[in-house]
$ cat data_23.txt   # compact mmCIF, C-alpha atoms and all ligand atoms
# COMPACT_ATOMS: atom_id res chain seq x y z
CA MET A 478 19.05 99.19 -76.24
CA SER A 479 20.98 95.96 -76.88
CA GLY A 480 19.44 92.93 -78.57
CA ILE A 481 19.39 91.06 -75.27
CA ASP A 482 17.49 93.90 -73.56
CA GLU A 483 14.90 93.68 -76.35
CA ILE A 484 14.52 89.96 -75.72
CA ALA A 485 14.26 90.55 -71.95
CA LYS A 486 11.20 92.78 -72.43
CA VAL A 487 9.32 89.78 -73.88
CA ASP A 488 11.06 86.79 -72.31
CA PRO A 489 13.32 87.48 -69.32
CA GLU A 490 14.03 83.77 -68.84
CA ILE A 491 15.50 83.29 -72.32
CA ALA A 492 17.34 86.63 -72.05
CA GLN A 493 18.97 85.25 -68.91
CA VAL A 494 19.95 82.04 -70.73
CA ILE A 495 21.71 84.16 -73.37
CA ARG A 496 23.47 86.31 -70.74
CA ASP A 497 24.55 83.18 -68.83
CA GLU A 498 25.90 81.53 -71.99
CA LEU A 499 27.84 84.67 -72.95
CA TYR A 500 29.30 84.77 -69.42
CA ARG A 501 30.25 81.07 -69.68
CA LEU A 502 31.97 81.61 -73.03
CA ARG A 503 33.90 84.61 -71.72
CA HIS A 504 34.97 82.97 -68.47
CA LYS A 505 35.99 79.48 -69.60
CA ILE A 506 38.77 78.25 -71.87
CA GLU A 507 36.99 76.72 -74.89
CA LEU A 508 38.87 73.65 -76.11
CA ILE A 509 36.04 71.75 -77.82
CA ALA A 510 37.62 71.04 -81.21
CA SER A 511 34.37 71.51 -83.14
CA GLU A 512 33.43 74.89 -81.64
CA ASN A 513 34.48 78.43 -82.48
CA PHE A 514 33.50 82.09 -82.08
CA PRO A 515 32.26 83.62 -85.36
CA SER A 516 32.69 87.33 -86.03
CA ARG A 517 30.13 89.93 -84.96
CA ALA A 518 29.26 90.35 -88.67
CA VAL A 519 28.36 86.65 -88.91
CA LEU A 520 26.39 86.72 -85.64
CA GLU A 521 24.48 89.84 -86.65
CA THR A 522 23.61 88.45 -90.08
CA ALA A 523 22.26 85.27 -88.50
CA GLY A 524 19.95 87.38 -86.33
CA THR A 525 18.22 89.38 -89.08
CA VAL A 526 14.86 89.50 -90.90
CA LEU A 527 16.24 87.06 -93.45
CA THR A 528 15.00 84.37 -91.03
CA ASN A 529 11.44 85.25 -92.07
CA LYS A 530 11.70 84.17 -95.69
CA TYR A 531 10.53 80.93 -97.23
CA ALA A 532 12.68 80.17 -100.29
CA GLU A 533 12.23 76.50 -101.20
CA GLY A 534 14.04 75.88 -104.45
CA TYR A 535 17.15 77.65 -105.74
CA PRO A 536 17.94 81.23 -106.84
CA GLY A 537 15.74 82.15 -109.81
CA HIS A 538 13.63 79.00 -109.36
CA ARG A 539 11.76 79.33 -106.06
CA TRP A 540 8.41 78.00 -104.93
CA TYR A 541 7.63 81.37 -103.28
CA GLY A 542 7.44 84.98 -104.41
CA GLY A 543 9.50 87.74 -102.86
CA CYS A 544 12.82 85.93 -103.07
CA GLU A 545 14.68 88.57 -105.07
CA PHE A 546 16.91 89.63 -102.16
CA VAL A 547 17.52 86.26 -100.53
CA ASP A 548 18.44 85.02 -104.02
CA VAL A 549 21.33 87.48 -104.00
CA ALA A 550 22.49 86.18 -100.61
CA GLU A 551 22.46 82.56 -101.78
CA GLU A 552 24.18 83.41 -105.08
CA LEU A 553 26.92 85.22 -103.16
CA ALA A 554 27.36 82.29 -100.76
CA VAL A 555 27.58 79.79 -103.64
CA ALA A 556 30.01 81.93 -105.66
CA ARG A 557 32.23 82.51 -102.61
CA ALA A 558 32.23 78.80 -101.66
CA LYS A 559 33.20 77.83 -105.22
CA SER A 560 35.93 80.44 -105.38
CA LEU A 561 37.38 79.76 -101.90
CA PHE A 562 37.61 75.99 -102.41
CA GLU A 563 38.03 76.06 -106.21
CA ALA A 564 35.03 73.76 -106.53
CA GLU A 565 32.94 73.14 -109.64
CA HIS A 566 29.64 73.32 -107.76
CA ALA A 567 28.47 74.30 -104.27
CA ASN A 568 25.23 73.80 -102.39
CA VAL A 569 24.97 76.02 -99.30
CA GLN A 570 21.52 74.90 -98.11
CA PRO A 571 22.27 71.94 -95.77
CA HIS A 572 21.17 72.84 -92.26
CA ALA A 573 24.12 70.93 -90.77
CA GLY A 574 26.85 68.44 -91.59
CA ALA A 575 24.52 65.46 -91.04
CA GLN A 576 22.09 66.75 -93.67
CA ALA A 577 24.97 67.45 -96.06
CA ASN A 578 26.20 63.86 -95.74
CA THR A 579 22.69 62.42 -96.00
CA ALA A 580 22.06 64.44 -99.18
CA VAL A 581 25.23 63.07 -100.78
CA TYR A 582 24.15 59.50 -99.94
CA PHE A 583 20.68 60.20 -101.35
CA CYS A 584 22.30 61.58 -104.53
CA ALA A 585 24.98 58.92 -105.03
CA LEU A 586 23.53 55.69 -103.61
CA GLN A 587 20.57 53.34 -103.65
CA PRO A 588 19.39 51.77 -100.36
CA GLY A 589 21.46 48.66 -99.71
CA ASP A 590 24.57 49.93 -101.53
CA ALA A 591 27.86 49.32 -99.75
CA ILE A 592 29.67 52.28 -98.18
CA LEU A 593 33.04 52.34 -96.45
CA GLY A 594 33.87 54.85 -93.71
CA MET A 595 36.19 55.26 -90.76
CA GLU A 596 35.18 53.39 -87.62
CA LYS A 597 33.74 55.77 -85.05
CA THR A 598 36.19 54.91 -82.26
CA ALA A 599 39.04 55.42 -84.74
CA GLY A 600 37.83 58.98 -85.30
CA GLY A 601 34.99 58.56 -87.80
CA HIS A 602 31.61 60.25 -87.54
CA LEU A 603 28.13 59.08 -86.58
CA THR A 604 26.90 59.81 -90.13
CA HIS A 605 29.55 57.65 -91.81
CA GLY A 606 27.66 54.38 -91.42
CA THR A 607 26.87 53.99 -87.71
CA ALA A 608 23.93 51.61 -87.17
CA ALA A 609 21.98 54.19 -85.16
CA ASN A 610 22.20 56.71 -88.02
CA ILE A 611 20.29 56.68 -91.31
CA SER A 612 23.66 56.03 -93.05
CA GLY A 613 23.91 52.68 -91.26
CA ALA A 614 20.20 51.89 -91.45
CA LEU A 615 19.78 52.45 -95.21
CA TYR A 616 23.17 51.38 -96.57
CA ASP A 617 25.42 48.38 -96.16
CA ALA A 618 28.08 50.02 -93.99
CA HIS A 619 31.66 48.77 -93.71
CA PHE A 620 34.52 50.33 -91.80
CA TYR A 621 38.28 50.79 -91.86
CA SER A 622 40.24 51.46 -88.71
CA LEU A 623 43.77 52.72 -87.96
CA ASN A 624 47.14 51.02 -87.74
CA ARG A 625 47.47 49.71 -84.17
CA GLU A 626 51.12 50.79 -83.91
CA THR A 627 51.01 54.25 -85.47
CA GLU A 628 47.34 55.01 -84.72
CA MET A 629 47.24 56.55 -88.21
CA LEU A 630 45.43 55.65 -91.43
CA ASP A 631 46.85 52.54 -93.04
CA PHE A 632 46.15 52.50 -96.78
CA GLY A 633 47.19 48.86 -97.07
CA GLU A 634 44.37 47.94 -94.69
CA ILE A 635 41.91 50.39 -96.24
CA ALA A 636 42.55 48.92 -99.71
CA GLU A 637 42.08 45.39 -98.38
CA VAL A 638 38.75 46.21 -96.70
CA ALA A 639 37.65 48.02 -99.89
CA ARG A 640 38.55 45.01 -102.07
CA ASN A 641 36.45 42.79 -99.81
CA CYS A 642 33.34 44.96 -99.49
CA ARG A 643 33.43 46.67 -102.95
CA PRO A 644 31.84 49.95 -101.73
CA LYS A 645 30.03 52.29 -104.07
CA LEU A 646 31.19 55.21 -101.92
CA ILE A 647 34.28 55.61 -99.73
CA ILE A 648 34.08 58.22 -96.98
CA ALA A 649 37.22 59.99 -95.74
CA GLY A 650 37.41 62.41 -92.82
CA GLY A 651 36.08 62.26 -89.32
CA SER A 652 35.69 64.07 -86.04
CA SER A 653 38.66 63.05 -83.91
CA TYR A 654 41.48 62.08 -86.28
CA PRO A 655 44.37 64.45 -85.44
CA ARG A 656 46.47 63.90 -88.58
CA ASP A 657 46.48 65.28 -92.11
CA ILE A 658 44.83 62.92 -94.61
CA ASP A 659 46.37 61.66 -97.84
CA PHE A 660 43.42 62.15 -100.19
CA ALA A 661 45.44 61.02 -103.21
CA ALA A 662 45.83 57.63 -101.49
CA PHE A 663 42.06 57.49 -100.85
CA ARG A 664 41.47 58.34 -104.54
CA ALA A 665 43.76 55.49 -105.58
CA VAL A 666 41.81 53.01 -103.42
CA ALA A 667 38.49 54.34 -104.75
CA ASP A 668 39.69 54.02 -108.35
CA GLU A 669 40.97 50.48 -107.76
CA VAL A 670 37.56 49.26 -106.54
CA GLY A 671 35.42 51.51 -108.77
CA ALA A 672 34.06 53.61 -105.88
CA MET A 673 33.22 57.28 -105.60
CA LEU A 674 34.96 59.31 -102.89
CA MET A 675 33.29 61.63 -100.39
CA VAL A 676 35.44 63.68 -98.03
CA ASP A 677 33.79 65.06 -94.91
CA MET A 678 36.03 68.02 -94.12
CA ALA A 679 33.74 69.46 -91.44
CA HIS A 680 36.52 69.63 -88.89
CA PHE A 681 39.33 70.95 -91.04
CA ALA A 682 37.53 73.07 -93.70
CA GLY A 683 39.06 76.25 -92.27
CA LEU A 684 42.51 74.69 -92.47
CA VAL A 685 41.88 73.79 -96.12
CA ALA A 686 40.70 77.37 -96.78
CA GLY A 687 43.88 78.63 -95.10
CA LYS A 688 46.02 76.16 -97.07
CA VAL A 689 47.46 74.43 -94.01
CA HIS A 690 45.77 71.06 -94.65
CA THR A 691 45.77 68.86 -97.75
CA ASP A 692 42.98 69.98 -100.06
CA PRO A 693 40.43 67.20 -100.73
CA VAL A 694 38.58 68.99 -103.57
CA PRO A 695 40.82 67.80 -106.45
CA TYR A 696 40.41 64.17 -105.34
CA ALA A 697 36.77 63.69 -104.36
CA GLU A 698 33.48 63.61 -106.23
CA PHE A 699 31.84 65.11 -103.12
CA VAL A 700 33.21 67.21 -100.26
CA THR A 701 30.90 67.97 -97.34
CA THR A 702 31.49 70.32 -94.45
CA THR A 703 29.98 72.23 -91.62
CA THR A 704 30.50 75.97 -91.62
CA HIS A 705 30.90 76.60 -87.88
CA LYS A 706 34.05 74.74 -86.87
CA THR A 707 37.50 75.83 -88.14
CA LEU A 708 35.71 77.75 -90.92
CA ARG A 709 34.32 80.09 -88.18
CA GLY A 710 30.93 80.72 -89.75
CA PRO A 711 27.35 80.21 -88.56
CA ARG A 712 26.11 76.76 -87.54
CA GLY A 713 25.33 74.98 -90.80
CA GLY A 714 26.44 72.65 -93.58
CA MET A 715 27.61 72.86 -97.18
CA ILE A 716 28.44 70.51 -100.07
CA LEU A 717 30.97 70.89 -102.89
CA CYS A 718 30.84 68.53 -105.85
CA ARG A 719 31.82 67.95 -109.44
CA GLU A 720 29.68 69.73 -112.04
CA ARG A 721 28.30 66.44 -113.40
CA PHE A 722 26.52 65.84 -110.05
CA ALA A 723 25.34 69.45 -109.62
CA GLN A 724 21.71 68.95 -110.63
CA SER A 725 21.16 65.63 -108.88
CA LEU A 726 22.93 66.86 -105.75
CA ASP A 727 20.78 70.01 -105.58
CA HIS A 728 17.69 67.83 -106.03
CA ALA A 729 18.90 65.54 -103.24
CA VAL A 730 19.21 68.49 -100.83
CA PHE A 731 15.84 69.99 -101.81
CA PRO A 732 13.33 68.38 -102.09
CA GLY A 733 15.30 65.24 -101.14
CA VAL A 734 16.23 65.69 -97.50
CA GLN A 735 15.21 69.27 -96.65
CA GLY A 736 12.40 71.76 -97.10
CA GLY A 737 12.85 75.51 -96.75
CA PRO A 738 16.45 76.70 -96.51
CA LEU A 739 17.50 78.95 -93.61
CA MET A 740 18.15 82.18 -95.52
CA HIS A 741 19.55 84.08 -92.51
CA ILE A 742 22.12 81.30 -92.06
CA ILE A 743 22.91 81.15 -95.78
CA ALA A 744 23.57 84.92 -95.71
CA ALA A 745 25.78 84.44 -92.64
CA LYS A 746 27.62 81.65 -94.51
CA ALA A 747 28.26 84.17 -97.32
CA VAL A 748 29.77 86.60 -94.80
CA ALA A 749 31.95 83.88 -93.25
CA LEU A 750 33.13 82.70 -96.68
CA LYS A 751 34.10 86.26 -97.55
CA GLU A 752 36.07 86.48 -94.29
CA ALA A 753 37.72 83.12 -94.99
CA SER A 754 39.03 84.39 -98.33
CA GLN A 755 41.01 87.22 -96.71
CA PRO A 756 44.77 86.93 -95.98
CA GLU A 757 44.05 87.37 -92.24
CA PHE A 758 42.11 84.11 -92.30
CA ALA A 759 45.07 82.19 -93.73
CA ALA A 760 47.18 83.58 -90.86
CA TYR A 761 44.46 82.51 -88.43
CA ALA A 762 44.34 78.95 -89.84
CA SER A 763 48.10 78.68 -89.65
CA GLN A 764 48.05 79.88 -86.03
CA ILE A 765 45.40 77.25 -85.15
CA VAL A 766 47.84 74.52 -86.20
CA LYS A 767 50.84 76.17 -84.52
CA ASN A 768 48.80 76.40 -81.33
CA SER A 769 47.68 72.80 -81.60
CA ARG A 770 51.27 71.63 -82.07
CA ALA A 771 52.43 73.81 -79.14
CA LEU A 772 49.68 72.41 -76.93
CA ALA A 773 50.58 68.86 -77.97
CA ALA A 774 54.30 69.35 -77.29
CA ALA A 775 53.68 70.94 -73.89
CA LEU A 776 51.33 68.12 -72.85
CA GLN A 777 53.90 65.53 -73.93
CA GLU A 778 56.61 67.34 -71.96
CA ARG A 779 54.31 66.85 -68.98
CA ASP A 780 54.14 63.09 -69.72
CA LEU A 781 50.65 62.93 -71.23
CA ARG A 782 50.26 60.40 -74.04
CA LEU A 783 48.75 61.63 -77.30
CA VAL A 784 47.07 59.33 -79.79
CA SER A 785 49.37 58.99 -82.85
CA GLY A 786 52.07 60.89 -80.96
CA GLY A 787 50.91 64.37 -81.96
CA THR A 788 48.84 66.41 -84.36
CA ASP A 789 48.89 68.03 -87.81
CA THR A 790 45.55 69.75 -87.37
CA HIS A 791 43.45 71.78 -84.95
CA LEU A 792 42.80 68.85 -82.62
CA LEU A 793 44.56 66.35 -80.44
CA LEU A 794 43.47 63.35 -78.47
CA VAL A 795 44.86 62.56 -75.02
CA ASP A 796 45.00 58.88 -74.02
CA LEU A 797 44.04 58.82 -70.33
CA ARG A 798 44.70 55.10 -69.77
CA PRO A 799 48.30 55.53 -68.52
CA LEU A 800 46.88 57.84 -65.81
CA GLY A 801 44.16 55.34 -64.88
CA LEU A 802 41.49 57.94 -65.74
CA THR A 803 38.46 58.05 -68.00
CA GLY A 804 37.19 60.77 -70.33
CA ASP A 805 33.96 61.42 -68.45
CA ASN A 806 35.79 62.13 -65.16
CA VAL A 807 38.40 64.32 -66.81
CA GLU A 808 35.78 66.29 -68.76
CA GLU A 809 34.03 67.00 -65.44
CA ALA A 810 37.25 67.90 -63.61
CA LEU A 811 38.31 70.29 -66.39
CA ASP A 812 34.89 71.91 -66.43
CA ALA A 813 35.20 72.50 -62.68
CA VAL A 814 38.34 74.57 -63.34
CA LYS A 815 36.69 76.44 -66.24
CA ILE A 816 38.24 74.50 -69.09
CA THR A 817 35.68 73.09 -71.55
CA ALA A 818 36.60 69.95 -73.51
CA ASN A 819 34.86 66.69 -74.38
CA LYS A 820 35.34 63.06 -73.53
CA ASN A 821 36.15 61.05 -76.65
CA ASN A 822 36.80 57.46 -77.56
CA ILE A 823 40.36 56.74 -78.63
CA PRO A 824 41.32 54.13 -81.26
CA PHE A 825 40.70 50.56 -80.03
CA ASP A 826 39.00 51.95 -76.91
CA ASP A 827 37.41 49.36 -74.63
CA LYS A 828 35.25 51.97 -72.87
CA PRO A 829 31.75 52.91 -74.08
CA PRO A 830 31.13 56.36 -75.62
CA ALA A 831 29.58 57.69 -72.42
CA ILE A 832 32.79 56.95 -70.49
CA THR A 833 35.73 56.78 -72.98
CA SER A 834 39.48 56.58 -72.42
CA GLY A 835 40.26 59.92 -74.02
CA ILE A 836 39.75 63.63 -73.98
CA ARG A 837 39.67 65.64 -77.22
CA LEU A 838 41.21 69.11 -77.26
CA GLY A 839 41.10 71.69 -80.05
CA THR A 840 42.54 75.14 -80.65
CA PRO A 841 40.14 76.97 -83.08
CA ALA A 842 38.27 78.92 -80.39
CA VAL A 843 41.27 79.91 -78.25
CA THR A 844 43.07 81.00 -81.43
CA THR A 845 40.08 83.19 -82.33
CA ARG A 846 40.45 84.79 -78.89
CA GLY A 847 44.00 85.73 -79.87
CA MET A 848 45.98 83.18 -77.90
CA ARG A 849 49.30 81.93 -79.22
CA GLU A 850 51.98 79.36 -78.37
CA ALA A 851 52.85 80.83 -74.94
CA GLU A 852 49.21 80.54 -73.82
CA MET A 853 49.10 76.94 -75.09
CA VAL A 854 51.99 76.07 -72.77
CA GLU A 855 50.09 77.65 -69.86
CA ILE A 856 46.92 75.71 -70.79
CA ALA A 857 48.89 72.45 -71.04
CA ASP A 858 50.32 73.11 -67.60
CA LEU A 859 46.83 73.67 -66.18
CA ILE A 860 45.46 70.48 -67.79
CA ALA A 861 48.41 68.44 -66.55
CA LEU A 862 47.93 69.78 -63.02
CA VAL A 863 44.26 68.77 -63.07
CA VAL A 864 44.75 65.24 -64.42
CA LYS A 865 47.66 64.53 -62.09
CA ASN A 866 45.88 65.86 -59.01
CA MET A 867 42.32 64.63 -59.50
CA GLY A 868 40.25 65.42 -56.41
CA SER A 869 42.63 68.00 -54.91
CA GLN A 870 40.51 71.04 -54.03
CA GLU A 871 43.62 73.13 -53.46
CA VAL A 872 44.99 72.41 -56.97
CA MET A 873 41.57 73.07 -58.49
CA ARG A 874 41.37 76.43 -56.71
CA ARG A 875 44.82 77.48 -57.96
CA VAL A 876 44.08 76.34 -61.53
CA ARG A 877 40.77 78.26 -61.55
CA GLU A 878 42.63 81.41 -60.53
CA ARG A 879 45.17 80.95 -63.31
CA VAL A 880 42.38 80.37 -65.85
CA GLU A 881 40.74 83.65 -64.82
CA GLU A 882 44.06 85.50 -65.06
CA LEU A 883 44.72 84.06 -68.52
CA LEU A 884 41.26 84.89 -69.90
CA ALA A 885 41.38 88.46 -68.59
CA GLY A 886 43.91 89.25 -71.33
CA PHE A 887 41.67 87.93 -74.14
CA PRO A 888 38.27 89.63 -74.12
CA LEU A 889 35.48 87.94 -76.08
CA TYR A 890 32.70 89.90 -77.82
CA PRO A 891 33.47 92.96 -75.64
CA ASP A 892 30.64 95.06 -77.08
CA LEU A 893 27.91 92.43 -76.99
N1 LIG A 901 29.64 66.89 -83.08
C1 LIG A 901 30.76 67.24 -83.92
C2 LIG A 901 32.05 67.12 -83.18
O1 LIG A 901 32.08 67.52 -82.03
O2 LIG A 901 33.04 66.68 -83.74
C3 LIG A 901 30.77 66.43 -85.15
O3 LIG A 901 29.52 66.45 -85.70

$ encode --input "data_23.txt" --output "C-alpha cells"
Amino acid sequence: MSGIDEIAKVDPEIAQVIRDELYRLRHKIELIASENFPSRAVLETAGTVLTNKYAEGYPGHRWYGGCEFVDVAEELAVARAKSLFEAEHANVQPHAGAQANTAVYFCALQPGDAILGMEKTAGGHLTHGTAANISGALYDAHFYSLNRETEMLDFGEIAEVARNCRPKLIIAGGSSYPRDIDFAAFRAVADEVGAMLMVDMAHFAGLVAGKVHTDPVPYAEFVTTTTHKTLRGPRGGMILCRERFAQSLDHAVFPGVQGGPLMHIIAAKAVALKEASQPEFAAYASQIVKNSRALAAALQERDLRLVSGGTDTHLLLVDLRPLGLTGDNVEEALDAVKITANKNNIPFDDKPPAITSGIRLGTPAVTTRGMREAEMVEIADLIALVVKNMGSQEVMRRVRERVEELLAGFPLYPDL
C-alpha cells in the first residue's frame, strides 16, 4: 500500500489534496524560480519517524535524551554543508531562509543598528530590511538599487549609499536579480565602511555548489540559504559562517530565534547535500543555466523584453510594460494554459506588488524533469503566444495541447 493510501484510510480529504497536488505538478510546466522537485530519497527522508524527535540544542549537547541517532544525522548534514561549500562553520537548523537571516541579524547586530540591503523592487528580499519584516522593524534599514540603464548592480552607487548610512551589515543577494554577483566588489565596499557582509544565496546555492555562479563564501562573514530551491533539497534553511562567529551564531539560532529543530528535515538536508556533492549535480546546475539562457534568448527572439537584457543564473524577469500587460494578468493567463510562474515587480516598477509589471521565470524544476535547450525554445514559444494573444480561447486551447504533449515526454515521480 502506498503512503497516500495509508493517509486516505485516516483522512481521505487530505489524501485527495496530496493526489491533486501531485497531478498538478505532473501536468503543468513549473517555472517558479524558487521551486524544484527533490529526489525520492529526500522526500522519503522528510517523511520518516525522525519527525518525532525533540532535539533542542546541538549534537552531543541536547536538552532531551534519546538523541543519539538524530545527532548522527545533524553531524552528517553539518559536515556535508561545510565540505560542499568549503565553509568554516555550518548551522543546518533554520526552518527556512527567513529564520536563517533573522538568526544572523540576532547574532551580528543590536536593535537600531544600520543595515544595507537591495531594494525589494530591484530584486531584494522581504527579510533584507522591509518595514513589514522584523529586519525593517528592529534595525535601521537602508537600501541600494540598480543602475537605471543597465538594470544591474552599480558598485559606485552602492559604495555611496554605504558611505552615507555607515551600515554594520551589508546584505547581498535577493530573489529576482537575474545576474551573477561580484562578491569581491561587495567585500570592498564593506571593508571601506567597516561593515560585515552577509550573502543570502537562497536562490543560487545550487549554482554555487555546481560551480556555475560566483562563490560568496570566501568574501562574506555570513552566507545564508534555503535548501529547497536550486539546491534541490527539502524545504528549509541553513547558515554558513566564519569560525569566529560559530558559537554566537549557533546560540542565535537556538535558543535565539528557534526552539526544537526539525530532525526529519535536517536528515533530508544531509541527503540533499550528499547529492549536491556528486558530479551529476554539477552537470545539473550547469544545465539549469544553459536552459535559462536558452529560454531568455528564445523569448527575446520573440520580442519580449528582459530586465538587464538577459540572465546569468536560473531566473529571468520579463518586463511586460511594452506589451501593455501586468504581472497578475499574465500569471493567471499562463496558469490557464498549465504554465506556473509568478508575477514580480521589476526594477523601478510603478505597480504595487499585487499587480506588478513583470513575470519571473526560472528553470530549476524543468531542468530536474530532464528538459534541455530545445524544450526551452518550445516553452518560450508558448509563453510568447499567450502574452501576444491574451483572451484568445483558440490560442489558449492550442497552447494547452502543446503543454500536455511536451510534459508527456518528461514523467515526474512516476512511482509515487
Ligand atoms: N519566496 C521566495 C521566492 O519565491 O523567491 C523567496 O523567499

$ residues_around --input "data_23.txt" --residues "Pro829 in chain A" --least-positions-apart "6" --cutoff "12 Å" --atoms "all atoms listed in the file" --output "list in words"
Lys597, Thr598, Thr803, Gly804, Asp805, Lys820, Asn821, Asn822, Ile823 and Gly835 of chain A

$ closest_residue --input "data_23.txt" --among "A:Tyr654, A:Phe663, A:Tyr890, A:Phe699" --to "ligand LIG 901 (chain A)" --atoms "all atoms listed in the file"
A:Tyr654

$ axis_aligned_box --input "data_23.txt" --around "ligand LIG 901 (chain A)" --padding-each-side "4 Å" --output "JSON"
{"center_x": 31.3, "center_y": 67.0, "center_z": -83.9, "size_x": 11.5, "size_y": 9.1, "size_z": 11.7}

$ residues_near_ligand --input "data_23.txt" --ligand "ligand LIG 901 (chain A)" --cutoff "10 Å" --atoms "all atoms listed in the file" --output "compact mmCIF listing (two decimals) with C-alpha atoms, keeping the file's coordinate frame"
# COMPACT_ATOMS: atom_id res chain seq x y z
CA ILE A 509 36.04 71.75 -77.82
CA ALA A 510 37.62 71.04 -81.21
CA SER A 511 34.37 71.51 -83.14
CA GLU A 512 33.43 74.89 -81.64
CA ALA A 573 24.12 70.93 -90.77
CA GLY A 574 26.85 68.44 -91.59
CA ALA A 575 24.52 65.46 -91.04
CA GLY A 600 37.83 58.98 -85.30
CA GLY A 601 34.99 58.56 -87.80
CA HIS A 602 31.61 60.25 -87.54
CA LEU A 603 28.13 59.08 -86.58
CA THR A 604 26.90 59.81 -90.13
CA GLY A 651 36.08 62.26 -89.32
CA SER A 652 35.69 64.07 -86.04
CA SER A 653 38.66 63.05 -83.91
CA TYR A 654 41.48 62.08 -86.28
CA ALA A 679 33.74 69.46 -91.44
CA HIS A 680 36.52 69.63 -88.89
CA THR A 702 31.49 70.32 -94.45
CA THR A 703 29.98 72.23 -91.62
CA LYS A 706 34.05 74.74 -86.87
CA ALA A 818 36.60 69.95 -73.51
CA ASN A 819 34.86 66.69 -74.38
CA ASN A 821 36.15 61.05 -76.65
CA ARG A 837 39.67 65.64 -77.22

$ closest_residue --input "data_23.txt" --among "A:Ser769, A:Thr607, A:Asn568, A:Ser785" --to "Arg719 in chain A" --atoms "all atoms listed in the file"
A:Asn568

$ residues_around --input "data_23.txt" --residues "range 790-796 of chain A" --least-positions-apart "6" --cutoff "7 Å" --atoms "all atoms listed in the file" --output "list in words"
Ala510, Pro655, Arg656, Asp657, Ile765, Val766, Ser769, Ala773, Leu781, Arg782, Leu783, Val784, Ile823, Ser834, Gly835, Ile836, Arg837, Leu838, Gly839, Thr840 and Pro841 of chain A

$ closest_residue --input "data_23.txt" --among "A:Gly543, A:Gly537, A:Gly594, A:Pro644" --to "Leu623 in chain A" --atoms "only C-alpha atoms"
A:Gly594

$ residues_near_point --input "data_23.txt" --point "(41.9, 69.9, -64.9)" --cutoff "7 Å" --atoms "all atoms listed in the file" --output "PyMOL selection string"
chain A and resi 807+810-811+814+859-864

$ closest_residue --input "data_23.txt" --among "A:Glu521, A:Glu565, A:Glu596, A:Glu637" --to "Tyr621 in chain A" --atoms "only C-alpha atoms"
A:Glu596

$ atom_distance --input "data_23.txt" --atom1 "CA of Gln764 in chain A" --atom2 "CA of Ile742 in chain A"
26.7 Å
